[in-house]
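Coordinates from my_file12.txt are shown below (compact mmCIF, C-alpha atoms).
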```
# COMPACT_ATOMS: atom_id res chain seq x y z
CA MET A 1 23.02 24.38 28.68
CA ARG A 2 19.93 24.42 30.85
CA GLN A 3 21.85 25.91 33.82
CA LEU A 4 23.14 28.68 31.54
CA PHE A 5 19.57 29.34 30.43
CA VAL A 6 18.39 29.70 34.03
CA LEU A 7 21.25 32.11 34.80
CA LEU A 8 20.36 34.19 31.75
CA ILE A 9 16.72 34.28 32.82
CA LEU A 10 17.59 35.41 36.35
CA PHE A 11 19.91 38.08 34.95
CA THR A 12 17.18 39.25 32.60
CA ILE A 13 14.65 39.49 35.41
CA GLY A 14 17.08 41.48 37.52
CA CYS A 15 17.72 43.95 34.71
CA GLN A 16 14.14 44.49 33.61
CA SER A 17 12.93 48.05 33.61
CA ARG A 18 10.06 49.04 35.87
CA GLU A 19 8.60 51.17 33.11
CA GLY A 20 6.32 48.30 32.00
CA LYS A 21 3.47 49.81 34.03
CA LYS A 22 2.72 52.25 31.24
CA THR A 23 -0.49 51.55 29.34
CA ARG A 24 0.21 49.75 26.10
CA ALA A 25 -1.50 47.22 23.91
CA LEU A 26 -1.18 43.66 25.15
CA VAL A 27 0.59 41.39 22.70
CA PHE A 28 -0.79 37.94 21.87
CA TRP A 29 1.36 35.44 19.99
CA CYS A 30 -0.37 32.57 18.22
CA SER A 31 0.95 29.69 16.14
CA ASN A 32 1.80 30.40 12.49
CA ASN A 33 -0.66 27.68 11.40
CA GLY A 34 -3.17 29.19 8.99
CA GLY A 35 -6.26 28.09 10.91
CA GLU A 36 -4.90 29.39 14.19
CA ILE A 37 -3.98 32.74 12.65
CA GLN A 38 -7.60 33.12 11.54
CA PHE A 39 -8.74 32.04 15.01
CA ALA A 40 -6.50 34.66 16.63
CA ARG A 41 -7.63 37.38 14.23
CA GLU A 42 -11.32 36.74 14.91
CA PHE A 43 -10.99 36.75 18.68
CA VAL A 44 -8.70 39.75 18.85
CA GLU A 45 -11.03 41.76 16.59
CA ARG A 46 -13.98 40.81 18.79
CA TRP A 47 -12.04 41.80 21.91
CA GLN A 48 -11.14 45.17 20.42
CA ARG A 49 -14.79 45.86 19.62
CA THR A 50 -16.03 44.95 23.11
CA ARG A 51 -13.06 46.11 25.22
CA PRO A 52 -11.55 49.19 23.58
CA ASP A 53 -10.28 50.18 27.03
CA LYS A 54 -7.88 47.21 26.97
CA PRO A 55 -6.05 47.35 23.62
CA LEU A 56 -4.73 44.05 22.33
CA ARG A 57 -2.95 42.98 19.16
CA TYR A 58 -2.00 39.56 17.83
CA GLN A 59 1.03 38.32 15.94
CA PRO A 60 1.97 34.86 14.66
CA ILE A 61 5.09 33.66 16.44
CA PRO A 62 8.16 34.78 14.46
CA GLU A 63 9.68 32.28 12.08
CA GLY A 64 12.51 30.12 13.35
CA GLN A 65 13.78 26.58 13.52
CA SER A 66 11.18 25.79 16.20
CA SER A 67 8.67 27.69 18.29
CA GLU A 68 10.49 26.50 21.43
CA GLU A 69 13.69 28.21 20.29
CA ILE A 70 11.82 31.42 19.46
CA ILE A 71 10.20 31.54 22.91
CA LEU A 72 13.54 30.91 24.62
CA ALA A 73 15.17 33.69 22.60
CA SER A 74 12.31 36.07 23.38
CA VAL A 75 12.65 35.42 27.12
CA VAL A 76 16.39 36.03 27.10
CA GLY A 77 16.02 39.06 24.82
CA LYS A 78 13.15 40.59 26.83
CA THR A 79 10.81 40.48 23.83
CA THR A 80 8.23 38.04 25.19
CA PRO A 81 4.60 38.45 24.26
CA ASP A 82 2.15 39.02 27.09
CA ILE A 83 0.10 35.98 26.08
CA TYR A 84 1.35 32.95 24.18
CA ALA A 85 -0.98 30.26 22.87
CA ASN A 86 0.94 27.20 21.69
CA MET A 87 3.30 26.43 24.58
CA TRP A 88 4.31 22.78 24.67
CA GLN A 89 3.25 21.46 28.07
CA GLY A 90 6.68 19.95 28.67
CA SER A 91 8.35 23.38 28.54
CA VAL A 92 6.19 25.06 31.17
CA GLU A 93 7.97 23.77 34.28
CA LEU A 94 11.32 25.09 33.04
CA TYR A 95 9.92 28.57 32.53
CA ALA A 96 7.95 28.42 35.77
CA LYS A 97 11.08 27.62 37.77
CA ALA A 98 12.90 30.42 35.97
CA GLY A 99 10.26 32.82 37.28
CA VAL A 100 9.08 34.24 33.96
CA LEU A 101 5.43 33.09 34.02
CA VAL A 102 2.43 34.44 35.88
CA PRO A 103 1.02 31.94 38.43
CA LEU A 104 -2.50 31.94 37.04
CA ASP A 105 -4.09 30.58 40.20
CA THR A 106 -3.32 33.94 41.84
CA ILE A 107 -5.81 35.62 39.49
CA ALA A 108 -9.38 35.91 40.72
CA ASP A 109 -11.78 33.26 39.31
CA PHE A 110 -9.03 31.22 37.60
CA ARG A 111 -9.49 28.13 39.78
CA SER A 112 -13.27 28.13 39.52
CA PHE A 113 -13.04 28.48 35.74
CA ILE A 114 -10.46 25.73 35.36
CA ARG A 115 -12.38 23.32 37.62
CA ALA A 116 -15.43 23.73 35.36
CA ARG A 117 -13.35 23.03 32.26
CA CYS A 118 -10.97 20.30 33.46
CA ASP A 119 -11.27 17.17 35.57
CA SER A 120 -9.13 16.60 38.64
CA ALA A 121 -6.58 14.41 36.80
CA MET A 122 -5.98 17.14 34.23
CA ILE A 123 -5.58 19.76 36.94
CA ARG A 124 -3.03 17.59 38.74
CA GLU A 125 -1.12 17.17 35.49
CA ILE A 126 -0.76 20.92 34.90
CA THR A 127 0.04 21.83 38.51
CA SER A 128 3.69 22.81 39.00
CA SER A 129 5.91 21.31 41.68
CA ASP A 130 5.52 24.53 43.70
CA GLY A 131 1.72 24.07 43.83
CA HIS A 132 0.89 26.87 41.39
CA ILE A 133 -0.63 26.58 37.92
CA TYR A 134 1.16 28.45 35.14
CA GLN A 135 -0.71 27.16 32.08
CA VAL A 136 -4.23 27.02 30.72
CA PRO A 137 -5.08 23.65 29.11
CA TRP A 138 -6.09 24.58 25.60
CA LYS A 139 -5.83 22.16 22.68
CA VAL A 140 -4.89 18.54 22.07
CA ASN A 141 -4.21 16.25 19.14
CA PRO A 142 -4.64 12.65 20.35
CA ILE A 143 -2.19 10.20 18.78
CA MET A 144 -4.12 7.22 17.43
CA THR A 145 -3.80 4.43 14.86
CA LEU A 146 -4.80 5.62 11.42
CA CYS A 147 -5.85 2.59 9.36
CA ASN A 148 -6.45 2.03 5.68
CA THR A 149 -9.85 0.39 6.06
CA GLY A 150 -9.83 -0.71 2.43
CA GLU A 151 -7.03 -3.12 3.36
CA LEU A 152 -7.76 -3.76 7.04
CA THR A 153 -11.42 -4.33 7.73
CA PRO A 154 -12.48 -3.56 11.32
CA ASN A 155 -13.63 -6.41 13.54
CA THR A 156 -11.79 -9.11 11.61
CA THR A 157 -8.68 -11.07 12.59
CA THR A 158 -6.53 -8.62 10.64
CA GLY A 159 -8.47 -5.45 11.33
CA PRO A 160 -8.57 -2.79 14.05
CA PRO A 161 -8.83 -2.14 16.93
CA TYR A 162 -5.65 -4.00 17.77
CA ASP A 163 -3.95 -5.88 20.53
CA TYR A 164 -0.29 -6.70 19.90
CA SER A 165 -0.99 -10.17 18.48
CA GLY A 166 -3.66 -8.84 16.13
CA TYR A 167 -1.40 -6.05 14.92
CA LEU A 168 1.42 -8.49 14.19
CA ARG A 169 -0.99 -10.72 12.26
CA ALA A 170 -1.99 -7.69 10.20
CA GLY A 171 1.71 -7.12 9.44
CA GLN A 172 2.02 -10.59 8.03
CA HIS A 173 -1.19 -10.09 6.06
CA VAL A 174 -0.19 -6.88 4.26
CA GLN A 175 3.56 -7.36 3.76
CA THR A 176 4.61 -7.79 0.12
CA ARG A 177 7.98 -8.15 -1.62
CA ASP A 178 9.26 -7.17 -5.06
CA ALA A 179 10.76 -9.51 -7.66
CA ASN A 180 14.13 -9.34 -5.88
CA GLY A 181 12.68 -10.35 -2.54
CA TYR A 182 12.83 -6.91 -0.95
CA VAL A 183 9.87 -5.76 1.14
CA ASN A 184 8.05 -2.96 -0.65
CA ARG A 185 4.87 -2.79 1.43
CA TRP A 186 4.74 -2.56 5.19
CA LEU A 187 2.22 -2.52 7.98
CA GLY A 188 3.43 0.89 9.12
CA TYR A 189 6.16 3.41 9.54
CA THR A 190 7.28 5.58 12.42
CA GLU A 191 10.33 7.82 12.50
CA VAL A 192 13.50 5.86 13.28
CA LYS A 193 15.74 8.81 14.17
CA ALA A 194 16.97 8.90 17.78
CA ILE A 195 15.58 12.39 18.38
CA TRP A 196 13.76 12.85 21.66
CA TYR A 197 10.52 14.29 20.31
CA GLN A 198 10.00 11.37 17.92
CA ARG A 199 9.33 9.16 20.96
CA LEU A 200 6.18 11.22 21.57
CA PHE A 201 4.67 9.56 18.51
CA ASN A 202 5.66 5.92 18.97
CA PHE A 203 7.04 4.75 22.31
CA TYR A 204 5.20 7.20 24.55
CA PRO A 205 1.60 6.77 23.30
CA LEU A 206 2.12 3.00 23.28
CA TYR A 207 3.48 3.17 26.84
CA LEU A 208 0.46 5.17 27.99
CA ALA A 209 -1.85 2.65 26.29
CA ALA A 210 -0.08 -0.32 27.90
CA SER A 211 0.18 1.24 31.38
CA ASN A 212 -3.31 2.79 31.67
CA GLY A 213 -1.85 6.28 31.49
CA ALA A 214 1.01 5.87 33.99
CA PRO A 215 3.67 8.59 34.38
CA LEU A 216 7.30 8.25 33.37
CA LEU A 217 8.47 9.82 36.64
CA THR A 218 7.31 9.61 40.22
CA GLN A 219 8.01 11.74 43.28
CA ARG A 220 7.28 11.05 46.91
CA PRO A 221 7.02 13.90 49.43
CA GLY A 222 10.44 15.02 50.58
CA GLN A 223 12.27 12.88 48.02
CA PRO A 224 13.72 13.65 44.59
CA PRO A 225 11.81 12.35 41.56
CA LYS A 226 12.76 8.95 40.11
CA ALA A 227 12.13 7.00 36.94
CA ALA A 228 8.84 5.12 37.13
CA PHE A 229 8.94 3.41 33.74
CA ASN A 230 11.10 0.40 34.56
CA ASN A 231 8.01 -1.79 34.44
CA ALA A 232 6.28 -4.49 32.43
CA ALA A 233 4.40 -1.98 30.26
CA ALA A 234 7.56 -0.29 28.96
CA VAL A 235 9.28 -3.63 28.37
CA GLN A 236 6.24 -4.90 26.44
CA VAL A 237 6.25 -1.78 24.25
CA PHE A 238 9.95 -2.12 23.41
CA ARG A 239 9.48 -5.83 22.62
CA PHE A 240 6.42 -5.13 20.46
CA LEU A 241 8.22 -2.45 18.44
CA GLN A 242 11.39 -4.52 18.21
CA THR A 243 9.34 -7.39 16.74
CA LEU A 244 7.77 -5.07 14.16
CA TYR A 245 11.19 -4.06 12.88
CA ARG A 246 12.72 -7.53 13.13
CA ASN A 247 9.90 -8.96 10.99
CA ASN A 248 10.09 -6.10 8.48
CA TYR A 249 6.51 -5.10 9.28
CA PHE A 250 7.80 -1.55 9.86
CA ALA A 251 10.22 0.06 7.41
CA ARG A 252 13.67 1.05 8.70
CA GLU A 253 14.30 3.26 5.67
CA ARG A 254 13.34 6.93 5.82
CA LEU A 255 9.92 6.79 4.18
CA SER A 256 9.26 10.30 5.47
CA ALA A 257 11.72 11.55 2.82
CA THR A 258 9.58 10.15 -0.01
CA ARG A 259 6.06 10.72 -1.31
CA ASP A 260 3.53 10.10 1.47
CA PRO A 261 3.60 6.31 1.99
CA PHE A 262 0.08 6.15 3.45
CA ILE A 263 -1.43 7.90 0.42
CA ASP A 264 0.67 5.68 -1.86
CA GLN A 265 -0.60 2.69 0.17
CA ARG A 266 2.93 1.41 0.77
CA ILE A 267 1.96 1.40 4.46
CA VAL A 268 -1.53 0.71 5.77
CA THR A 269 -1.35 2.06 9.34
CA GLN A 270 0.23 5.08 10.95
CA PHE A 271 0.50 6.42 14.51
CA THR A 272 -0.60 10.01 14.02
CA GLY A 273 -3.06 12.72 15.01
CA PRO A 274 -6.10 14.62 13.73
CA TRP A 275 -4.04 16.93 11.51
CA GLN A 276 -3.98 14.05 9.01
CA LEU A 277 -7.71 14.36 8.31
CA SER A 278 -7.62 17.60 6.33
CA TYR A 279 -4.39 16.50 4.63
CA LEU A 280 -5.83 13.18 3.49
CA ASP A 281 -9.12 14.76 2.44
CA LYS A 282 -7.12 17.08 0.22
CA PHE A 283 -4.46 14.76 -1.17
CA GLY A 284 -5.78 11.22 -0.71
CA GLY A 285 -7.15 9.45 -3.76
CA ALA A 286 -10.77 8.45 -4.21
CA ASP A 287 -9.88 4.81 -3.52
CA LEU A 288 -8.27 5.57 -0.13
CA ARG A 289 -10.56 4.72 2.78
CA TYR A 290 -9.39 5.36 6.32
CA ALA A 291 -10.40 5.83 9.94
CA PHE A 292 -8.82 6.36 13.38
CA TYR A 293 -8.66 3.66 16.06
CA PRO A 294 -7.02 3.41 19.52
CA MET A 295 -3.34 2.59 19.87
CA PRO A 296 -2.44 -1.12 19.97
CA VAL A 297 -2.45 -2.60 23.48
CA PRO A 298 -0.90 -5.70 25.07
CA ASP A 299 -2.86 -8.93 24.73
CA GLY A 300 -5.40 -9.21 27.52
CA HIS A 301 -5.50 -5.48 28.16
CA THR A 302 -8.64 -4.29 29.95
CA GLY A 303 -10.04 -0.83 30.49
CA PRO A 304 -9.78 2.30 28.34
CA THR A 305 -6.86 2.90 26.01
CA TYR A 306 -4.86 6.00 26.93
CA THR A 307 -2.61 7.88 24.54
CA TYR A 308 -0.48 10.99 24.27
CA GLY A 309 -2.57 14.09 23.65
CA ASP A 310 0.19 16.38 22.29
CA PRO A 311 -1.16 19.27 24.42
CA LYS A 312 -0.39 22.89 23.64
CA ASN A 313 -1.37 25.37 26.33
CA ILE A 314 -1.66 29.10 26.98
CA VAL A 315 0.66 31.04 29.28
CA ILE A 316 0.96 34.66 30.43
CA PHE A 317 4.48 36.02 30.82
CA ASN A 318 5.26 38.11 33.87
CA THR A 319 6.28 41.05 31.70
CA CYS A 320 2.54 41.50 31.09
CA PRO A 321 1.44 44.88 32.53
CA ASP A 322 -2.16 43.73 33.09
CA PRO A 323 -2.49 39.99 33.87
CA ALA A 324 -6.17 40.37 34.80
CA ALA A 325 -7.01 41.76 31.35
CA ALA A 326 -4.86 39.09 29.70
CA TRP A 327 -6.75 36.39 31.61
CA ALA A 328 -10.09 37.96 30.63
CA PHE A 329 -9.06 37.66 26.98
CA VAL A 330 -7.77 34.10 27.39
CA LYS A 331 -11.14 33.06 28.80
CA THR A 332 -12.78 34.05 25.52
CA LEU A 333 -10.48 31.60 23.73
CA VAL A 334 -11.28 28.65 25.98
CA ASP A 335 -14.96 29.01 26.78
CA LYS A 336 -17.38 26.80 24.85
CA PRO A 337 -17.85 29.16 21.88
CA GLY A 338 -14.09 29.56 21.66
CA ASP A 339 -13.53 25.81 21.77
CA LEU A 340 -16.12 25.20 19.07
CA ARG A 341 -14.52 27.79 16.83
CA LEU A 342 -11.11 26.18 17.40
CA MET A 343 -12.46 22.87 16.09
CA GLU A 344 -14.19 24.50 13.14
CA LEU A 345 -11.13 26.45 12.01
CA THR A 346 -8.27 24.10 12.85
CA GLY A 347 -9.62 20.54 13.22
CA GLN A 348 -7.92 20.38 16.62
CA PHE A 349 -9.64 19.55 19.89
CA PRO A 350 -10.06 21.62 23.04
CA ARG A 351 -8.80 20.00 26.21
CA ARG A 352 -11.98 19.98 28.21
CA GLN A 353 -13.80 17.23 30.05
CA GLN A 354 -16.57 15.22 28.33
CA LEU A 355 -16.09 16.92 24.99
CA ASP A 356 -17.62 14.00 23.09
CA THR A 357 -20.90 14.00 25.03
CA ASP A 358 -21.39 17.72 25.69
CA PRO A 359 -24.59 18.76 23.84
CA TYR A 360 -22.94 22.05 22.89
CA PHE A 361 -20.49 20.26 20.59
CA THR A 362 -22.77 17.44 19.40
CA PRO A 363 -24.01 19.15 16.20
CA PHE A 364 -20.45 19.85 15.03
CA LEU A 365 -19.25 16.32 15.74
CA ALA A 366 -22.32 14.89 14.01
CA LYS A 367 -21.37 16.83 10.86
CA THR A 368 -17.77 15.60 11.01
CA PRO A 369 -18.01 11.85 11.70
CA ARG A 370 -14.31 11.23 10.97
CA MET A 371 -13.49 13.35 14.02
CA ALA A 372 -15.76 11.37 16.36
CA PRO A 373 -13.17 8.70 17.36
CA LEU A 374 -10.65 11.44 18.14
CA ALA A 375 -13.22 13.34 20.20
CA ARG A 376 -13.93 10.17 22.21
CA GLN A 377 -10.19 9.65 22.71
CA THR A 378 -9.87 13.06 24.41
CA ARG A 379 -11.32 11.41 27.52
CA TYR A 380 -8.21 9.25 27.80
CA ILE A 381 -5.14 11.33 27.07
CA ARG A 382 -2.06 12.42 28.96
CA GLY A 383 0.52 15.13 28.50
CA VAL A 384 4.05 14.71 29.84
CA ASP A 385 5.41 14.77 33.37
CA ASN A 386 5.93 18.20 34.92
CA SER A 387 9.71 18.19 34.97
CA GLU A 388 12.18 20.80 33.79
CA VAL A 389 14.35 17.95 32.42
CA ILE A 390 11.63 16.04 30.60
CA VAL A 391 13.40 16.61 27.26
CA GLU A 392 16.54 14.98 28.66
CA VAL A 393 14.41 12.08 29.94
CA PHE A 394 13.02 11.46 26.46
CA ASP A 395 16.50 11.80 25.00
CA ILE A 396 17.77 9.00 27.27
CA ILE A 397 14.82 6.80 26.31
CA SER A 398 15.52 7.56 22.63
CA GLN A 399 19.10 6.30 22.87
CA GLU A 400 17.92 2.99 24.32
CA TYR A 401 15.07 2.85 21.82
CA GLU A 402 17.55 3.02 18.96
CA ALA A 403 19.79 0.32 20.46
CA CYS A 404 16.94 -2.06 21.27
CA VAL A 405 14.04 -1.41 18.92
CA ILE A 406 15.80 -0.36 15.73
CA PHE A 407 19.08 -2.28 15.84
CA GLY A 408 18.22 -5.13 18.22
CA LYS A 409 21.50 -4.73 20.15
CA LYS A 410 19.80 -4.99 23.58
CA THR A 411 16.94 -6.90 25.07
CA PRO A 412 13.89 -4.84 25.99
CA GLU A 413 14.48 -5.60 29.68
CA ALA A 414 18.10 -4.37 29.55
CA ALA A 415 17.28 -1.28 27.49
CA ILE A 416 14.47 -0.13 29.79
CA ALA A 417 16.54 -0.82 32.92
CA ASP A 418 19.50 1.10 31.51
CA ALA A 419 17.27 4.03 30.57
CA ALA A 420 15.72 4.13 34.05
CA ARG A 421 19.15 4.09 35.72
CA ALA A 422 20.36 6.95 33.52
CA VAL A 423 17.22 8.97 34.27
CA ASP A 424 17.68 8.44 38.01
CA VAL A 425 21.25 9.74 37.74
CA LEU A 426 19.98 12.75 35.80
CA LEU A 427 17.31 13.51 38.39
CA MET A 428 19.72 13.18 41.32
CA THR A 429 21.94 15.88 39.81
CA GLU A 430 19.10 18.38 39.66
```
What would the structure in this file look like if it were written as structure tokens?
Amino acid sequence: MRQLFVLLILFTIGCQSREGKKTRALVFWCSNNGGEIQFAREFVERWQRTRPDKPLRYQPIPEGQSSEEIILASVVGKTTPDIYANMWQGSVELYAKAGVLVPLDTIADFRSFIRARCDSAMIREITSSDGHIYQVPWKVNPIMTLCNTGELTPNTTTGPPYDYSGYLRAGQHVQTRDANGYVNRWLGYTEVKAIWYQRLFNFYPLYLAASNGAPLLTQRPGQPPKAAFNNAAAVQVFRFLQTLYRNNYFARERLSATRDPFIDQRIVTQFTGPWQLSYLDKFGGADLRYAFYPMPVPDGHTGPTYTYGDPKNIVIFNTCPDPAAAWAFVKTLVDKPGDLRLMELTGQFPRRQQLDTDPYFTPFLAKTPRMAPLARQTRYIRGVDNSEVIVEVFDIISQEYEACVIFGKKTPEAAIADAARAVDVLLMTE
């Protein structure tokens, strides 16, 4: 499927008309989230007032099963926007290798701008295997442990923040059963389906927390990439999750198909992101008290707790007739005023260094104390490895996750080793 996609892309590039040099309005696609539509409208209107010589219009990404499918279809159908803000970081390498993105580091002042915004680790993470940078780090939603603080009091033996032993004790503390002996209240819930992207919200943030932010893949100069996750951290995560299900501290049934279990207080923790804040403020009852804490870590863990940041970035497609103007507009989205407005309108966080201590953002964070733990967490987040087959990597991990964690058919050691072997085979065929 992926090879067919690459062939289609190359065919499309070869057939593209050279008439794109004509002056036309640049097209900016944003997410179809309400807050981001307002964000796009404000910044496009401002651009049109200040730069009438460079016309620009915005459009929410067309409706479809997923934004990833819409972008793929637009590339193949030659209907790409010039600028797209909401590209999943894991997709960028595939499009970069297909030759449909502008290498942004070839634009004057890009590197100096990005060095001021991002630390060296972040820049390494977004750098493609060919040495170019095709994406602008934009926004993140750190995955953390949302806790019902009415049930789990911080700094007690059953309260957050958690190591694995403390979290398991909390499971025993909150679990209840009905008159027939069936569990009807759990410590938490996370999606049990063996779909690759669900691992971004359970296994992967826990792996990053346990491994101090280690990658899933590694590559030495002159050698193909290999699986790097056959290690103690991954095994500990599988064992921890397996124990939660074996003890009925996590529900195996599809609670996501029922009324929100956190609001109903049938679960008291959840691995989730900042989007929950506005939702809970709107729908949570007056008796529901909650706060965000770091992901659980292995007993004895030292140092900061990393997690998955769920990054969405900005790209410029190479059908753009004026990349310099497109970049000039993008800079208005990701400078400090743009980042502040993003937080105000969407409750999401810009991916910039030292966000939580920058005096420019201090007044906003002081007014929104529930967001403060998430802002601090932005110091310790990771995206995903820059690999065009990263989806397939997560799919392999998901199959072993189901066998080991959900159904207990494999030991954690065997499941992780089998996943690593399968990933190495996958990578050798690339």
Original post:
Any idea what's packed within 12 Å of Ser66 of chain A, counting only C-alpha atoms, ignoring anything in its chain fewer than 3 positions away? Could you give it as a ChimeraX atom specification?
Top reply: /A:31-32,61-63,69-73,86-88
Original post:
Can you find the residues with an atom no farther than 12 Å from (-7.0, 44.9, 35.9), counting all atoms listed in the file, and report them as a VMD selection string?
Top reply: chain A and resid 21 23 53 to 54 107 to 108 320 to 329
Original post:
Nearest to Ala372 of chain A among A:Tyr306, A:Phe292, A:Phe43, A:Tyr182, with distances taken over all atoms listed in the file: which residue is it?
Top reply: A:Phe292
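Between atom CA of Glu191 of chain A and atom CA of Gly284 of chain A the separation is 21.1 Å.
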As lines of an AutoDock Vina configuration file, what would the box around segment 81-95 of chain A look like: edges along x, y and z, 8 Å added on every side, centre and edge lengths in Å to one decimal?
```
center_x = 5.2
center_y = 29.5
center_z = 28.0
size_x = 28.3
size_y = 35.1
size_z = 28.6
```
**OP:** Could you give me, as a list in words, the residues within 8 Å of Tyr204 of chain A, counting all atoms listed in the file and dropping anything in the same chain fewer than 5 positions from it?
**Re:** Arg199, Thr307 and Tyr308 of chain A
Subject >> Atomic separation - atom CA of Ile83 of chain A relative to atom CA of Leu277 of chain A, Å >> reply: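 One can read the atom CA of Leu277 of chain A to atom CA of Ile83 of chain A distance as 29.1 Å.
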Subject >> Spatial sel., origin (-18.1, 12.5, 24.1), limit 8 Å, only C-alpha atoms, listed as a PyMOL selection string >> reply: chain A and resi 354-358+375-376+379
Output file for the selection above: C-alpha atoms, as a PDB file, keeping the file's coordinate frame:
```
ATOM      1  CA  GLN A 354     -16.570  15.220  28.330  1.00  0.00           C
ATOM      2  CA  LEU A 355     -16.090  16.920  24.990  1.00  0.00           C
ATOM      3  CA  ASP A 356     -17.620  14.000  23.090  1.00  0.00           C
ATOM      4  CA  THR A 357     -20.900  14.000  25.030  1.00  0.00           C
ATOM      5  CA  ASP A 358     -21.390  17.720  25.690  1.00  0.00           C
ATOM      6  CA  ALA A 375     -13.220  13.340  20.200  1.00  0.00           C
ATOM      7  CA  ARG A 376     -13.930  10.170  22.210  1.00  0.00           C
ATOM      8  CA  ARG A 379     -11.320  11.410  27.520  1.00  0.00           C
TER       9      ARG A 379
END
```
Subject >> Minimum-distance residue to Gln265 of chain A, chosen among A:Leu187, A:Leu208, A:Val192, A:Val297 (using only C-alpha atoms) >> reply: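 Nearest candidate to Gln265 of chain A out of A:Leu187, A:Leu208, A:Val192, A:Val297: A:Leu187.
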Subject >> Residues within 12 Å of Lys336 of chain A, only C-alpha atoms, excluding chain neighbours under 5 positions, as a list in words >> reply: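 Close residues of Lys336 of chain A: Phe113, Ala116, Arg117, Trp138, Lys331, Arg341, Leu342, Met343, Phe349, Pro350, Arg351, Arg352, Gln353, Leu355, Asp358, Pro359, Tyr360 and Phe361 of chain A.
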For the residues in the current selection, export C-alpha atoms as a PDB file, in the frame of the given file.
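The file below, out_38.pdb, is the result:
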```pdb
ATOM      1  CA  PHE A 113     -13.040  28.480  35.740  1.00  0.00           C
ATOM      2  CA  ALA A 116     -15.430  23.730  35.360  1.00  0.00           C
ATOM      3  CA  ARG A 117     -13.350  23.030  32.260  1.00  0.00           C
ATOM      4  CA  TRP A 138      -6.090  24.580  25.600  1.00  0.00           C
ATOM      5  CA  LYS A 331     -11.140  33.060  28.800  1.00  0.00           C
ATOM      6  CA  ARG A 341     -14.520  27.790  16.830  1.00  0.00           C
ATOM      7  CA  LEU A 342     -11.110  26.180  17.400  1.00  0.00           C
ATOM      8  CA  MET A 343     -12.460  22.870  16.090  1.00  0.00           C
ATOM      9  CA  PHE A 349      -9.640  19.550  19.890  1.00  0.00           C
ATOM     10  CA  PRO A 350     -10.060  21.620  23.040  1.00  0.00           C
ATOM     11  CA  ARG A 351      -8.800  20.000  26.210  1.00  0.00           C
ATOM     12  CA  ARG A 352     -11.980  19.980  28.210  1.00  0.00           C
ATOM     13  CA  GLN A 353     -13.800  17.230  30.050  1.00  0.00           C
ATOM     14  CA  LEU A 355     -16.090  16.920  24.990  1.00  0.00           C
ATOM     15  CA  ASP A 358     -21.390  17.720  25.690  1.00  0.00           C
ATOM     16  CA  PRO A 359     -24.590  18.760  23.840  1.00  0.00           C
ATOM     17  CA  TYR A 360     -22.940  22.050  22.890  1.00  0.00           C
ATOM     18  CA  PHE A 361     -20.490  20.260  20.590  1.00  0.00           C
TER      19      PHE A 361
END
```
**OP:** Name the closest residue to Gln399 of chain A among the candidates A:Ile267, A:Ala121, A:Ala194, A:Met295; distances are taken between atoms, counting only C-alpha atoms.
**Re:**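 Looking at the shortest contact to Gln399 of chain A, the residue is A:Ala194.
One finds atom CA of Asp424 of chain A at 22.1 Å from atom CA of Arg382 of chain A.
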**OP:** May I have the residues within 12 Å of Met428 of chain A as a list in words, using only C-alpha atoms and disregarding those fewer than 4 positions away in the same chain?
**Re:** Gln219, Gln223, Pro224, Pro225, Lys226, Ala227, Val389, Arg421, Ala422, Val423 and Asp424 of chain A
